[in-house]
>>> print(open('my_file_21.txt').read())   # compact mmCIF, N, CA and C atoms
# COMPACT_ATOMS: atom_id res chain seq x y z
N GLN I 251 -15.62 12.09 -4.11
CA GLN I 251 -15.57 10.71 -4.57
C GLN I 251 -14.16 10.16 -4.46
N VAL I 252 -14.09 8.89 -4.12
CA VAL I 252 -12.80 8.20 -3.99
C VAL I 252 -12.91 6.89 -4.75
N GLN I 253 -11.87 6.57 -5.50
CA GLN I 253 -11.82 5.29 -6.20
C GLN I 253 -10.65 4.48 -5.65
N LEU I 254 -10.89 3.19 -5.46
CA LEU I 254 -9.89 2.29 -4.90
C LEU I 254 -9.73 1.09 -5.82
N VAL I 255 -8.48 0.75 -6.13
CA VAL I 255 -8.21 -0.41 -6.98
C VAL I 255 -7.13 -1.26 -6.32
N GLU I 256 -7.50 -2.48 -5.94
CA GLU I 256 -6.56 -3.40 -5.31
C GLU I 256 -5.83 -4.23 -6.36
N SER I 257 -4.65 -4.67 -5.98
CA SER I 257 -3.88 -5.60 -6.79
C SER I 257 -2.93 -6.36 -5.89
N GLY I 258 -2.36 -7.45 -6.42
CA GLY I 258 -1.34 -8.17 -5.70
C GLY I 258 -1.76 -9.50 -5.10
N GLY I 259 -3.04 -9.83 -5.22
CA GLY I 259 -3.47 -11.12 -4.71
C GLY I 259 -2.96 -12.27 -5.55
N GLY I 260 -3.18 -13.48 -5.06
CA GLY I 260 -2.74 -14.64 -5.80
C GLY I 260 -2.72 -15.87 -4.94
N LEU I 261 -2.07 -16.90 -5.47
CA LEU I 261 -1.94 -18.18 -4.78
C LEU I 261 -0.53 -18.31 -4.24
N VAL I 262 -0.41 -18.68 -2.97
CA VAL I 262 0.89 -18.82 -2.34
C VAL I 262 0.85 -19.99 -1.37
N GLN I 263 1.98 -20.61 -1.15
CA GLN I 263 2.05 -21.70 -0.19
C GLN I 263 2.12 -21.15 1.22
N ALA I 264 1.70 -21.96 2.16
CA ALA I 264 1.78 -21.57 3.56
C ALA I 264 3.22 -21.20 3.92
N GLY I 265 3.34 -20.11 4.68
CA GLY I 265 4.65 -19.61 5.04
C GLY I 265 5.19 -18.56 4.07
N GLY I 266 4.53 -18.41 2.95
CA GLY I 266 4.97 -17.46 1.93
C GLY I 266 4.50 -16.04 2.22
N SER I 267 4.79 -15.17 1.26
CA SER I 267 4.48 -13.74 1.42
C SER I 267 3.79 -13.20 0.18
N LEU I 268 2.97 -12.19 0.40
CA LEU I 268 2.37 -11.42 -0.68
C LEU I 268 2.30 -9.96 -0.24
N ARG I 269 2.31 -9.06 -1.21
CA ARG I 269 2.07 -7.66 -0.91
C ARG I 269 0.89 -7.16 -1.73
N LEU I 270 -0.12 -6.72 -1.03
CA LEU I 270 -1.29 -6.13 -1.69
C LEU I 270 -1.10 -4.62 -1.80
N SER I 271 -1.60 -4.09 -2.89
CA SER I 271 -1.56 -2.64 -3.12
C SER I 271 -2.97 -2.13 -3.34
N CYS I 272 -3.20 -0.91 -2.90
CA CYS I 272 -4.48 -0.25 -3.12
C CYS I 272 -4.18 1.15 -3.67
N ALA I 273 -4.47 1.32 -4.95
CA ALA I 273 -4.25 2.62 -5.59
C ALA I 273 -5.47 3.51 -5.34
N VAL I 274 -5.22 4.69 -4.85
CA VAL I 274 -6.29 5.62 -4.47
C VAL I 274 -6.34 6.79 -5.43
N SER I 275 -7.51 7.13 -5.89
CA SER I 275 -7.68 8.30 -6.75
C SER I 275 -8.94 9.05 -6.34
N GLY I 276 -9.05 10.26 -6.81
CA GLY I 276 -10.21 11.07 -6.45
C GLY I 276 -9.87 12.06 -5.36
N SER I 277 -10.77 12.22 -4.42
CA SER I 277 -10.61 13.20 -3.34
C SER I 277 -9.70 12.64 -2.24
N ILE I 278 -8.44 12.54 -2.58
CA ILE I 278 -7.48 11.87 -1.69
C ILE I 278 -7.34 12.60 -0.37
N PHE I 279 -7.34 13.93 -0.39
CA PHE I 279 -7.10 14.70 0.83
C PHE I 279 -8.29 14.65 1.78
N SER I 280 -9.40 14.09 1.32
CA SER I 280 -10.57 13.95 2.19
C SER I 280 -10.55 12.68 3.03
N ILE I 281 -9.50 11.86 2.82
CA ILE I 281 -9.46 10.55 3.48
C ILE I 281 -8.77 10.65 4.84
N ASN I 282 -9.41 10.06 5.85
CA ASN I 282 -8.83 10.00 7.20
C ASN I 282 -8.17 8.66 7.44
N VAL I 283 -8.89 7.58 7.19
CA VAL I 283 -8.40 6.25 7.51
C VAL I 283 -8.45 5.36 6.27
N MET I 284 -7.37 4.60 6.08
CA MET I 284 -7.34 3.57 5.05
C MET I 284 -7.23 2.22 5.74
N GLY I 285 -7.96 1.24 5.21
CA GLY I 285 -7.93 -0.05 5.86
C GLY I 285 -7.98 -1.20 4.87
N TRP I 286 -7.61 -2.36 5.37
CA TRP I 286 -7.74 -3.62 4.64
C TRP I 286 -8.68 -4.52 5.44
N TYR I 287 -9.65 -5.07 4.73
CA TYR I 287 -10.58 -6.03 5.31
C TYR I 287 -10.50 -7.31 4.49
N ARG I 288 -11.04 -8.37 5.05
CA ARG I 288 -11.09 -9.63 4.29
C ARG I 288 -12.37 -10.36 4.60
N GLN I 289 -12.77 -11.16 3.63
CA GLN I 289 -13.97 -11.98 3.79
C GLN I 289 -13.72 -13.35 3.21
N ALA I 290 -13.80 -14.34 4.09
CA ALA I 290 -13.66 -15.73 3.68
C ALA I 290 -15.05 -16.29 3.39
N PRO I 291 -15.12 -17.36 2.59
CA PRO I 291 -16.43 -17.94 2.26
C PRO I 291 -17.22 -18.31 3.51
N GLY I 292 -18.45 -17.87 3.58
CA GLY I 292 -19.31 -18.21 4.71
C GLY I 292 -19.06 -17.41 5.96
N LYS I 293 -18.15 -16.43 5.88
CA LYS I 293 -17.83 -15.64 7.06
C LYS I 293 -18.11 -14.15 6.80
N GLN I 294 -18.20 -13.42 7.89
CA GLN I 294 -18.41 -11.97 7.76
C GLN I 294 -17.10 -11.28 7.40
N ARG I 295 -17.24 -10.13 6.78
CA ARG I 295 -16.06 -9.32 6.48
C ARG I 295 -15.46 -8.83 7.79
N GLU I 296 -14.13 -8.89 7.88
CA GLU I 296 -13.46 -8.49 9.11
C GLU I 296 -12.29 -7.56 8.81
N LEU I 297 -12.03 -6.71 9.79
CA LEU I 297 -10.90 -5.80 9.67
C LEU I 297 -9.60 -6.57 9.81
N VAL I 298 -8.66 -6.29 8.93
CA VAL I 298 -7.33 -6.89 9.01
C VAL I 298 -6.35 -5.87 9.59
N ALA I 299 -6.31 -4.69 9.00
CA ALA I 299 -5.37 -3.65 9.44
C ALA I 299 -5.86 -2.32 8.91
N ARG I 300 -5.47 -1.24 9.61
CA ARG I 300 -5.81 0.08 9.12
C ARG I 300 -4.74 1.07 9.54
N ILE I 301 -4.71 2.19 8.81
CA ILE I 301 -3.73 3.22 9.08
C ILE I 301 -4.41 4.57 8.92
N THR I 302 -4.15 5.45 9.88
CA THR I 302 -4.77 6.77 9.83
C THR I 302 -3.91 7.74 9.02
N SER I 303 -4.44 8.92 8.79
CA SER I 303 -3.69 9.93 8.05
C SER I 303 -2.43 10.37 8.79
N SER I 304 -2.41 10.17 10.11
CA SER I 304 -1.22 10.52 10.90
C SER I 304 -0.28 9.33 11.08
N GLY I 305 -0.62 8.21 10.47
CA GLY I 305 0.28 7.06 10.49
C GLY I 305 0.05 6.06 11.60
N ILE I 306 -0.99 6.26 12.38
CA ILE I 306 -1.30 5.29 13.45
C ILE I 306 -1.89 4.04 12.83
N THR I 307 -1.38 2.89 13.27
CA THR I 307 -1.85 1.62 12.71
C THR I 307 -2.47 0.76 13.79
N ASN I 308 -3.36 -0.12 13.38
CA ASN I 308 -3.81 -1.18 14.27
C ASN I 308 -4.17 -2.40 13.44
N TYR I 309 -4.09 -3.56 14.11
CA TYR I 309 -4.20 -4.83 13.43
C TYR I 309 -5.15 -5.77 14.16
N ALA I 310 -5.72 -6.68 13.40
CA ALA I 310 -6.45 -7.77 14.02
C ALA I 310 -5.45 -8.65 14.75
N ASP I 311 -5.87 -9.23 15.85
CA ASP I 311 -4.96 -10.08 16.64
C ASP I 311 -4.41 -11.23 15.81
N SER I 312 -5.20 -11.72 14.88
CA SER I 312 -4.80 -12.89 14.10
C SER I 312 -3.65 -12.60 13.13
N VAL I 313 -3.38 -11.33 12.86
CA VAL I 313 -2.32 -11.01 11.89
C VAL I 313 -1.17 -10.22 12.51
N LYS I 314 -1.28 -9.86 13.77
CA LYS I 314 -0.21 -9.10 14.43
C LYS I 314 1.11 -9.84 14.34
N GLY I 315 2.14 -9.10 13.97
CA GLY I 315 3.46 -9.68 13.86
C GLY I 315 3.74 -10.33 12.51
N ARG I 316 2.70 -10.48 11.69
CA ARG I 316 2.88 -11.09 10.36
C ARG I 316 2.57 -10.10 9.23
N PHE I 317 1.58 -9.24 9.45
CA PHE I 317 1.16 -8.30 8.41
C PHE I 317 1.59 -6.89 8.79
N THR I 318 1.87 -6.08 7.77
CA THR I 318 2.22 -4.68 7.99
C THR I 318 1.48 -3.81 6.98
N VAL I 319 0.77 -2.81 7.50
CA VAL I 319 0.07 -1.86 6.63
C VAL I 319 0.90 -0.59 6.55
N SER I 320 0.97 -0.01 5.36
CA SER I 320 1.73 1.23 5.17
C SER I 320 1.09 2.04 4.07
N ARG I 321 1.46 3.31 4.00
CA ARG I 321 0.92 4.16 2.95
C ARG I 321 2.04 4.99 2.35
N ASP I 322 2.00 5.17 1.05
CA ASP I 322 2.95 6.02 0.34
C ASP I 322 2.13 7.17 -0.23
N ASN I 323 2.19 8.31 0.45
CA ASN I 323 1.35 9.44 0.05
C ASN I 323 1.76 9.99 -1.32
N ALA I 324 3.04 9.87 -1.64
CA ALA I 324 3.50 10.37 -2.94
C ALA I 324 2.91 9.56 -4.09
N LYS I 325 2.69 8.28 -3.83
CA LYS I 325 2.14 7.40 -4.86
C LYS I 325 0.65 7.16 -4.69
N ASN I 326 0.06 7.77 -3.67
CA ASN I 326 -1.38 7.58 -3.40
C ASN I 326 -1.73 6.10 -3.33
N THR I 327 -0.92 5.38 -2.59
CA THR I 327 -1.08 3.92 -2.53
C THR I 327 -0.94 3.46 -1.09
N VAL I 328 -1.77 2.48 -0.73
CA VAL I 328 -1.68 1.83 0.57
C VAL I 328 -1.31 0.37 0.33
N TYR I 329 -0.45 -0.15 1.18
CA TYR I 329 0.05 -1.51 1.01
C TYR I 329 -0.32 -2.39 2.20
N LEU I 330 -0.38 -3.65 1.95
CA LEU I 330 -0.49 -4.64 3.02
C LEU I 330 0.54 -5.72 2.73
N GLN I 331 1.62 -5.70 3.50
CA GLN I 331 2.65 -6.72 3.38
C GLN I 331 2.25 -7.89 4.26
N MET I 332 2.12 -9.05 3.67
CA MET I 332 1.66 -10.23 4.40
C MET I 332 2.76 -11.28 4.37
N ASN I 333 3.30 -11.59 5.54
CA ASN I 333 4.34 -12.60 5.69
C ASN I 333 3.81 -13.75 6.53
N GLY I 334 4.47 -14.88 6.42
CA GLY I 334 4.05 -16.03 7.22
C GLY I 334 2.60 -16.41 6.99
N LEU I 335 2.19 -16.41 5.74
CA LEU I 335 0.78 -16.67 5.42
C LEU I 335 0.36 -18.07 5.84
N LYS I 336 -0.89 -18.15 6.28
CA LYS I 336 -1.47 -19.39 6.73
C LYS I 336 -2.71 -19.70 5.89
N PRO I 337 -3.11 -20.96 5.80
CA PRO I 337 -4.33 -21.29 5.04
C PRO I 337 -5.55 -20.49 5.51
N GLU I 338 -5.61 -20.20 6.80
CA GLU I 338 -6.75 -19.44 7.32
C GLU I 338 -6.74 -17.97 6.90
N ASP I 339 -5.68 -17.53 6.25
CA ASP I 339 -5.66 -16.17 5.69
C ASP I 339 -6.35 -16.10 4.33
N THR I 340 -6.73 -17.25 3.80
CA THR I 340 -7.41 -17.30 2.51
C THR I 340 -8.72 -16.53 2.58
N ALA I 341 -8.87 -15.58 1.66
CA ALA I 341 -10.07 -14.72 1.65
C ALA I 341 -9.97 -13.75 0.48
N VAL I 342 -11.05 -13.05 0.26
CA VAL I 342 -11.00 -11.88 -0.63
C VAL I 342 -10.64 -10.68 0.23
N TYR I 343 -9.63 -9.96 -0.17
CA TYR I 343 -9.16 -8.80 0.60
C TYR I 343 -9.65 -7.52 -0.08
N TYR I 344 -10.22 -6.64 0.74
CA TYR I 344 -10.79 -5.41 0.25
C TYR I 344 -10.08 -4.20 0.86
N CYS I 345 -9.87 -3.21 0.05
CA CYS I 345 -9.34 -1.93 0.50
C CYS I 345 -10.52 -1.03 0.86
N ASN I 346 -10.36 -0.26 1.91
CA ASN I 346 -11.42 0.63 2.39
C ASN I 346 -10.84 2.00 2.70
N ALA I 347 -11.61 3.03 2.39
CA ALA I 347 -11.20 4.40 2.72
C ALA I 347 -12.36 5.10 3.43
N ILE I 348 -12.05 5.76 4.52
CA ILE I 348 -13.05 6.51 5.27
C ILE I 348 -12.70 7.99 5.24
N GLN I 349 -13.63 8.79 4.74
CA GLN I 349 -13.39 10.22 4.68
C GLN I 349 -13.60 10.88 6.05
N TRP I 350 -13.15 12.10 6.18
CA TRP I 350 -13.33 12.84 7.43
C TRP I 350 -14.82 13.02 7.75
N ASN I 351 -15.65 13.05 6.75
CA ASN I 351 -17.09 13.21 7.01
C ASN I 351 -17.79 11.89 7.32
N GLY I 352 -17.01 10.80 7.39
CA GLY I 352 -17.56 9.51 7.77
C GLY I 352 -17.97 8.61 6.61
N ARG I 353 -18.00 9.14 5.41
CA ARG I 353 -18.38 8.33 4.27
C ARG I 353 -17.25 7.35 3.95
N ASP I 354 -17.62 6.13 3.58
CA ASP I 354 -16.56 5.19 3.25
C ASP I 354 -16.72 4.60 1.86
N TYR I 355 -15.63 4.10 1.33
CA TYR I 355 -15.55 3.55 -0.02
C TYR I 355 -14.83 2.21 0.03
N TRP I 356 -15.16 1.36 -0.96
CA TRP I 356 -14.57 0.02 -1.04
C TRP I 356 -14.02 -0.23 -2.43
N GLY I 357 -12.93 -1.01 -2.46
CA GLY I 357 -12.42 -1.51 -3.71
C GLY I 357 -13.18 -2.75 -4.12
N GLN I 358 -12.77 -3.32 -5.24
CA GLN I 358 -13.49 -4.48 -5.79
C GLN I 358 -13.04 -5.80 -5.16
N GLY I 359 -11.92 -5.77 -4.47
CA GLY I 359 -11.42 -6.96 -3.81
C GLY I 359 -10.39 -7.71 -4.65
N THR I 360 -9.51 -8.40 -3.95
CA THR I 360 -8.51 -9.24 -4.61
C THR I 360 -8.40 -10.55 -3.83
N GLN I 361 -8.36 -11.64 -4.55
CA GLN I 361 -8.36 -12.97 -3.92
C GLN I 361 -6.96 -13.35 -3.45
N VAL I 362 -6.88 -13.80 -2.22
CA VAL I 362 -5.65 -14.38 -1.67
C VAL I 362 -5.96 -15.82 -1.27
N THR I 363 -5.19 -16.74 -1.82
CA THR I 363 -5.37 -18.15 -1.51
C THR I 363 -4.06 -18.72 -1.01
N VAL I 364 -4.10 -19.32 0.18
CA VAL I 364 -2.91 -19.89 0.79
C VAL I 364 -3.09 -21.40 0.86
N SER I 365 -2.22 -22.12 0.20
CA SER I 365 -2.32 -23.58 0.20
C SER I 365 -1.46 -24.17 1.31
N SER I 366 -1.93 -25.29 1.82
CA SER I 366 -1.20 -25.93 2.94
C SER I 366 -0.17 -26.93 2.43
>>> encode(input="my_file_21.txt", output="structure tokens")
Amino acid sequence: QVQLVESGGGLVQAGGSLRLSCAVSGSIFSINVMGWYRQAPGKQRELVARITSSGITNYADSVKGRFTVSRDNAKNTVYLQMNGLKPEDTAVYYCNAIQWNGRDYWGQGTQVTVSS
């Protein structure tokens, strides 16, 4: 079992920055990939960024160069640094963990709102 708790969302003006955190507990060593997804009203959930246990990252084209995903294994936390925020980044952001056996887990989500 893996538990994920997101924090760090909020309201920010366009061009501003936020850092989301995802605290991981439970079977931490069973996790292969950690990711951030987002879902805007009326839209499907989409991948924003992810990082593997070996540190390989990949990003959605819409956030490349603005967002950075990282993990602090000592703190069992994954971060999403978001710079240059745009109104279209407004969404609920979810933390995701995928175990080596393929099972995945989700956090409860944190709201990010970017005003123009």
>>> residues_around(input="my_file_21.txt", residues="Val362 of chain I", least_positions_apart="2", cutoff="10 Å", atoms="only C-alpha atoms", output="PyMOL selection string")
chain I and resi 258-262+268+270+288+290+335+337+339-343+359-360+364-365
>>> atom_distance(input="my_file_21.txt", atom1="atom C of Asp354 of chain I", atom2="atom CA of Lys314 of chain I")
24.9 Å
>>> atom_distance(input="my_file_21.txt", atom1="atom C of Val255 of chain I", atom2="atom CA of Ser271 of chain I")
6.6 Å
>>> residues_around(input="my_file_21.txt", residues="Trp356 of chain I", least_positions_apart="2", cutoff="6.5 Å", atoms="only N, CA and C atoms", output="PyMOL selection string")
chain I and resi 254+344-347+354+358-359
>>> residues_around(input="my_file_21.txt", residues="Ala310 of chain I", least_positions_apart="6", cutoff="7 Å", atoms="all atoms listed in the file", output="PDB file with N, CA and C atoms, keeping the file's coordinate frame")
ATOM      1  N   LEU I 297     -12.030  -6.710   9.790  1.00  0.00           N
ATOM      2  CA  LEU I 297     -10.900  -5.800   9.670  1.00  0.00           C
ATOM      3  C   LEU I 297      -9.600  -6.570   9.810  1.00  0.00           C
ATOM      4  N   VAL I 298      -8.660  -6.290   8.930  1.00  0.00           N
ATOM      5  CA  VAL I 298      -7.330  -6.890   9.010  1.00  0.00           C
ATOM      6  C   VAL I 298      -6.350  -5.870   9.590  1.00  0.00           C
ATOM      7  N   ALA I 299      -6.310  -4.690   9.000  1.00  0.00           N
ATOM      8  CA  ALA I 299      -5.370  -3.650   9.440  1.00  0.00           C
ATOM      9  C   ALA I 299      -5.860  -2.320   8.910  1.00  0.00           C
ATOM     10  N   ARG I 300      -5.470  -1.240   9.610  1.00  0.00           N
ATOM     11  CA  ARG I 300      -5.810   0.080   9.120  1.00  0.00           C
ATOM     12  C   ARG I 300      -4.740   1.070   9.540  1.00  0.00           C
TER      13      ARG I 300
END
>>> atom_distance(input="my_file_21.txt", atom1="atom CA of Ile301 of chain I", atom2="atom CA of Phe279 of chain I")
14.5 Å
